[in-house]
Every structure is written in C-alpha cells, then in structure tokens.
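Colleague: Supplied in structure tokens, the structure appears directly below.
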Amino acid sequence: MLISAKDFKNFKLRAKDGEDIGHAREFYFDDKYWTVRYLVADTGGWLTGRAVLISPYALEPVNAVERVLPVSLTKKQIEDSPSLETHEPVSRQFETHYYDYYGWPNYGFGSYAWGAYPYLLRDQPYERSVDGVQDWDPHLRSTRAVTGYNIQALDGEIGHVEDFVIDAETWSIRYLVVDTKNWWPGKRVLISPQWIERVSWVELMVYLSLSRERIKQAPEYRPEFLNRDYETSLYHHYEQPEYWNDETITPAGIQSSHKFTTEKKESPMSTQKAYTIVVGVDYSELGDLALERAFDQAKAHERAQVHVIHVEATAAPDADGIKNDASSAAPNTASLRLHDQVEQVVKRWCDTHLSPAPFERLTTHLRSDDAAEAIAQLASDVEADLVVVGTHGRRGARRFLLGSVAEGTVRLAPSAVLVVRPADASVPKIEPPCPQCLETRRATDGKEFWCERHRQHHNRAHTYHFSPVRGSHQSSLLYPMRGTHIEG
C-alpha cells in the first residue's frame, strides 16, 4: 500500500496493548537506499522532551479503514527504550543501543538495505559482524527537512519537493511528490528516487537527469489516481523498469568480489554498450547451470550486464523440466528466494574461477506469464545480445504435449540463444565417427569425405562440397568435387 508521508499523520499509532500513542510526525530515511529507518512519533503530552523512534520492524500492516497503524510494541517497551533528546541527531551509538534493546538486526551490519537481506524480514535470525564494524555508513535524512528542496532538471528548475510516497509494506520511499506550480500551475508529478542523479544536501537541491519537457508531459499526480495502472503509465512514460517486477542487485560500496560489483568492470565513462545477457532460471540445478554458463559468457566481455528472470505461471513443469510453478508467496518473498539462489551461484562461480563477479550489474526479474514469451520479451526490452536457457533434452510425446521453454525461447527471442543441458541429459543416440572415414579424410587432406563403404551405402542424406585454399588471400571458389555425393 502506498501512502504519503503527510497522510500518515492522520493514522493513529496503536501499541500492542491497545493504547493509542500518537501519530507520525515525520520519517527518517537513509540517503543510500531511500528506505525509512524510523517513524518519528508525535506522542502529544506523553514522553515530552524526547524523540520517540519506531523502526519498521515494529510497524504492522496498515488498517486503512480505521486509519490505524499498529505497532508491535507495548507502551511500556517504548517508554523504557533508549532515550533520544528531541533535537539530538541519531548517532551510531544510539542506534546500537536501540537495536540491542529491541533485539532487532541493525540494518547497517550487512550489504543490503536491511543488513543481511534486501527486504525487511521480521523474526529472522541474524549475526552481527564479527569485528563489530558496520558495512556502510548510514546518513539519515528527515522527510520534514527535505520537504521544500528545489528540483533541478537538465535544463532548469521545475519545482520543489512537497511530499513523499511511502510503500507501507517494504518501507521504501517510492516517490517524491513534486509541486510544479511555479511553472505549470496546479500540476504535481511523481519522481522515483531511482531517477535522481544526485542530491546536494548543502544546496538543498535534487538533480534529475530528465528534461523539463519530459517531466511536464508526465502523468499528473493526484492521491486518488495512485494505483498500479497509474504507476505503470508513469514508468512507461519515463521508459523505466517497474520496481514491482525488477530488483537491481548492485549494493553500492561493496568491495568483496563475491558480491554483485567488481573493480574490473568500473568504466563509467565508457560509451561502449555493455554485452547484455538474459538468463531464464528456476529453482533447480538446471537453473544454476544456466546461470554459470551465462557468467562464463559475461567473462569474455569487457563490460557485461546480466538479467536473471524467473517466471511463475499456473502450469506444470514443461518438457525441459523448467518449473513454471505458481507461487502464493508474497512478491518480496519470491524475490528474496530468487536473490538468494543467484547470490549462491555467483559466490560459487567466483570461488571456482578465483575471479571477481564477471558483470558490472545483475538484475533479477519476476514474471507471471508464459515462460518462453516472458523471457523473449525481456530480451527485447533490454536489447539482449544473448539469451541463456536450460533444457533436459526430452523428446517425444511429453515434449509435444507440454511444450518446451527452450524451444519456445529459440523461436521467439530476438537474439542468439544458448541452450544449456546437464551432462546426464537424455539425448538421441549419435553414432561415433567411422574410423575408416576419418582415415580417408586424413589421407586425402579432406578431399575425400567418406570411406568406400559409406560412399556407396551411407544411410544419411548428405551433400558436401570441398573448397581448397588458393593464394595468399585465402579466397576460393566453392564448387563440387569428385567426391560430392547426394545420398538417399
């Protein structure tokens, strides 16, 4: 559910013991992931003189009907929590005491937005870094303080930040609400933090890599318009991938070669297009094998990007054994499962090759569609140079009845397709080469192809032509030789 920061002020905060403890005054978010770290509560006359910070770990699903935001803490727990003076900044020391008090994982200890995980997961076991050092340095910003920042497009200012739209499930800031009334009276537009080039906290300015005209033509924002159809039209207007389908795995600042960044690929000024690979996976060893082969291909290029897609559909496993399994799991859970699979394969590949990750960016995609069509469509969307899919090589009735993701992808994909199969795949029996034919080719330097027996009785229709190399330019006329034989 998407709710504006200002609208949250109209929701009552209700403690676990049933008491209302106030409402949201503002939110503190980090300027790396643009994720809410604390709801700052306005408690009225209760707990005066101190800031009451509530982590999203304690925020339960919103009750939109009653306008209530449940909190999984008692009033007593909040009262006894580490104290922070009203105008005192949130320090690392305070956060350490705060998370220790509640027994929650500190988001700073880990490579992702929520520490060890890219999504907010409650009731998960966690381990703090052995050396007690945070993996990144969070800088917290206030929604109230950032409100009013000017917005700078490529060709001039366009307005200012009026509000924020927050995802009440992931607690990510999805959009900045931009008031453009100084340029286009009465119009408000939404800008995703992903489209921000940079923020100058000194100049109080948000810089965008978009033109004023592009923003002017964007769908107008009104709170009553905010639904998935509106979001889809917004992302299509800016030609950006939808956040509800895609998750780019590029945690900034990670130095480990097992993570999804690599020093080898750092070439931000290069204008060369990255070699783009789309790889279709399921949660099986075949999916892992397809990923490994995709990484092998990526390693051969100076710059490479990999898009990993998993398709969920209401169909049984296809002839290749690729599971198009429907999943009742929430999108975040499904995305986390895919992310974990990819990370394990990346780590194994890096360990095996003693090499950093072979790509500059890896993005996961979840789809609910026909698998072959979804893979081919993604390949078209990202202008892929190569698609990698797996196959078990099954044939016969099962293949005819159930179809094949690999076969469908080969037929539909707009790029080259690499079909990967395991070593023990069921494949048609192929006869080994005839020793006499091999000897004939060797003795005649390839001018004769078949031995005497196969020249007369070869059981496969075959035509061959011999083209000798002429001159230093290695060019020649292709023509039938004496050994040319059409069988059948």
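Scheme for the structure tokens: letters A, B, ... for chains in order shown; per-chain residue numbers from 1; ligand numbers from 1 in order shown.
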At most 7 Å is the cut-off: for each residue in stretch 82-183 of chain A with any atom that close to an atom of stretch 1-24 of chain A, write down the nearest atom pair and the distance in Å rounded to one decimal, counting only C-alpha atoms, chain first then increasing number, as JSON lines.

Modeller:
```
{"residue": "A:Asp163", "atom": "CA", "partner": "A:Ala5", "partner_atom": "CA", "distance": 6.4}
{"residue": "A:Phe164", "atom": "CA", "partner": "A:Ala5", "partner_atom": "CA", "distance": 5.4}
{"residue": "A:Val165", "atom": "CA", "partner": "A:Ser4", "partner_atom": "CA", "distance": 4.2}
{"residue": "A:Ile166", "atom": "CA", "partner": "A:Ile3", "partner_atom": "CA", "distance": 5.4}
{"residue": "A:Asp167", "atom": "CA", "partner": "A:Leu2", "partner_atom": "CA", "distance": 4.7}
{"residue": "A:Ala168", "atom": "CA", "partner": "A:Met1", "partner_atom": "CA", "distance": 5.4}
{"residue": "A:Glu169", "atom": "CA", "partner": "A:Met1", "partner_atom": "CA", "distance": 6.5}
```

Colleague: Please produce an output containing C-alpha atoms for each residue in the selection, written as a compact mmCIF listing (two decimals), in the first residue's frame.

Modeller:
```txt
# COMPACT_ATOMS: atom_id res chain seq x y z
CA ASP A 163 5.70 15.26 -0.04
CA PHE A 164 6.88 11.65 -0.14
CA VAL A 165 5.03 8.49 -1.13
CA ILE A 166 5.98 5.55 1.09
CA ASP A 167 5.46 1.84 0.49
CA ALA A 168 3.88 0.66 3.74
CA GLU A 169 4.95 -2.93 3.09
```

Colleague: Tell me, as JSON, numbers by chain, which residues lie within 8 Å of stretch 212-215 of chain A, counting only C-alpha atoms; anything in the same chain fewer than 5 positions away does not count.

Modeller: {"A": [153, 154, 155, 156, 157, 158, 189, 238]}

Colleague: Compile the contact shell of stretch 72-83 of chain A as JSON, numbers by chain: residues with an atom at most 12 Å away, counting only C-alpha atoms, same-chain residues fewer than 3 positions apart removed.

Modeller: {"A": [13, 14, 15, 16, 17, 18, 19, 20, 21, 22, 41, 43, 46, 47, 48, 49, 50, 51, 52, 53, 54, 55, 56, 57, 58, 59, 60, 61, 69, 86, 87, 88, 89, 90, 91, 93, 94, 95, 96, 97, 98, 99, 100, 101, 102, 103, 122]}

Colleague: Write out the residues from the selection above, keeping C-alpha atoms, as a short mmCIF file (atom, residue, chain, number, x, y, z; two decimals), in the first residue's frame.

Modeller:
```cif
data_model
loop_
_atom_site.label_atom_id
_atom_site.label_comp_id
_atom_site.auth_asym_id
_atom_site.auth_seq_id
_atom_site.Cartn_x
_atom_site.Cartn_y
_atom_site.Cartn_z
CA LEU A 13 -0.32 4.68 16.20
CA ARG A 14 -1.74 1.85 18.28
CA ALA A 15 0.51 -0.03 20.70
CA LYS A 16 0.40 -3.79 21.22
CA ASP A 17 -1.53 -3.35 24.47
CA GLY A 18 -4.28 -1.43 22.68
CA GLU A 19 -3.34 2.11 23.69
CA ASP A 20 -3.03 4.87 21.13
CA ILE A 21 0.36 6.53 21.43
CA GLY A 22 0.08 9.37 18.90
CA ALA A 41 6.05 9.73 16.63
CA THR A 43 3.02 11.49 21.26
CA TRP A 46 3.29 11.66 26.62
CA LEU A 47 7.11 11.33 26.80
CA THR A 48 7.70 15.04 26.32
CA GLY A 49 11.20 16.26 25.64
CA ARG A 50 12.37 13.15 23.82
CA ALA A 51 12.04 11.77 20.33
CA VAL A 52 10.06 8.54 20.05
CA LEU A 53 11.55 6.50 17.21
CA ILE A 54 9.78 3.40 15.92
CA SER A 55 11.59 1.10 13.49
CA PRO A 56 9.68 -0.53 10.63
CA TYR A 57 10.49 -3.82 12.38
CA ALA A 58 7.69 -2.87 14.77
CA LEU A 59 5.24 -1.50 12.22
CA GLU A 60 2.47 -3.94 11.29
CA PRO A 61 0.15 -3.83 8.25
CA LEU A 69 -1.02 1.89 12.07
CA THR A 86 14.05 15.84 20.66
CA HIS A 87 16.63 17.83 18.68
CA GLU A 88 19.52 15.39 19.10
CA PRO A 89 20.82 13.68 15.93
CA VAL A 90 20.60 9.90 15.63
CA SER A 91 24.13 8.63 16.29
CA GLN A 93 25.91 4.73 19.39
CA PHE A 94 22.20 5.41 19.83
CA GLU A 95 21.28 3.01 17.02
CA THR A 96 23.46 0.28 18.54
CA HIS A 97 21.72 0.65 21.90
CA TYR A 98 18.33 0.90 20.22
CA TYR A 99 18.63 -2.32 18.20
CA ASP A 100 20.22 -4.18 21.10
CA TYR A 101 17.33 -3.14 23.34
CA TYR A 102 14.66 -4.48 20.97
CA GLY A 103 16.70 -7.45 19.74
CA ARG A 122 10.85 -9.90 10.67
#
```

Colleague: What does the structure give for the distance between atom CA of A:Val311 and atom CA of A:Gln194, in Å to one decimal?

Modeller: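 According to the coordinates, atom CA of A:Val311 and atom CA of A:Gln194 are separated by 24.5 Å.
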
Colleague: Considering only C-alpha atoms, can you say which of A:Thr143, A:Asn150, A:Asn227, A:Thr352 comes closest to A:Val202?

Modeller: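 Checking each candidate against A:Val202, we get A:Asn150 as the closest.
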
Colleague: Please measure the separation of atom CA of A:Pro105 and atom CA of A:Val345, giving the value in Å to one decimal.

Modeller: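 Atom CA of A:Val345 lies at a distance of 25.5 Å from atom CA of A:Pro105.
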
Colleague: What is the distance, in Å and to one decimal place, between atom CA of A:Ile191 and atom CA of A:Glu239?

Modeller: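 The value is 12.9 Å.
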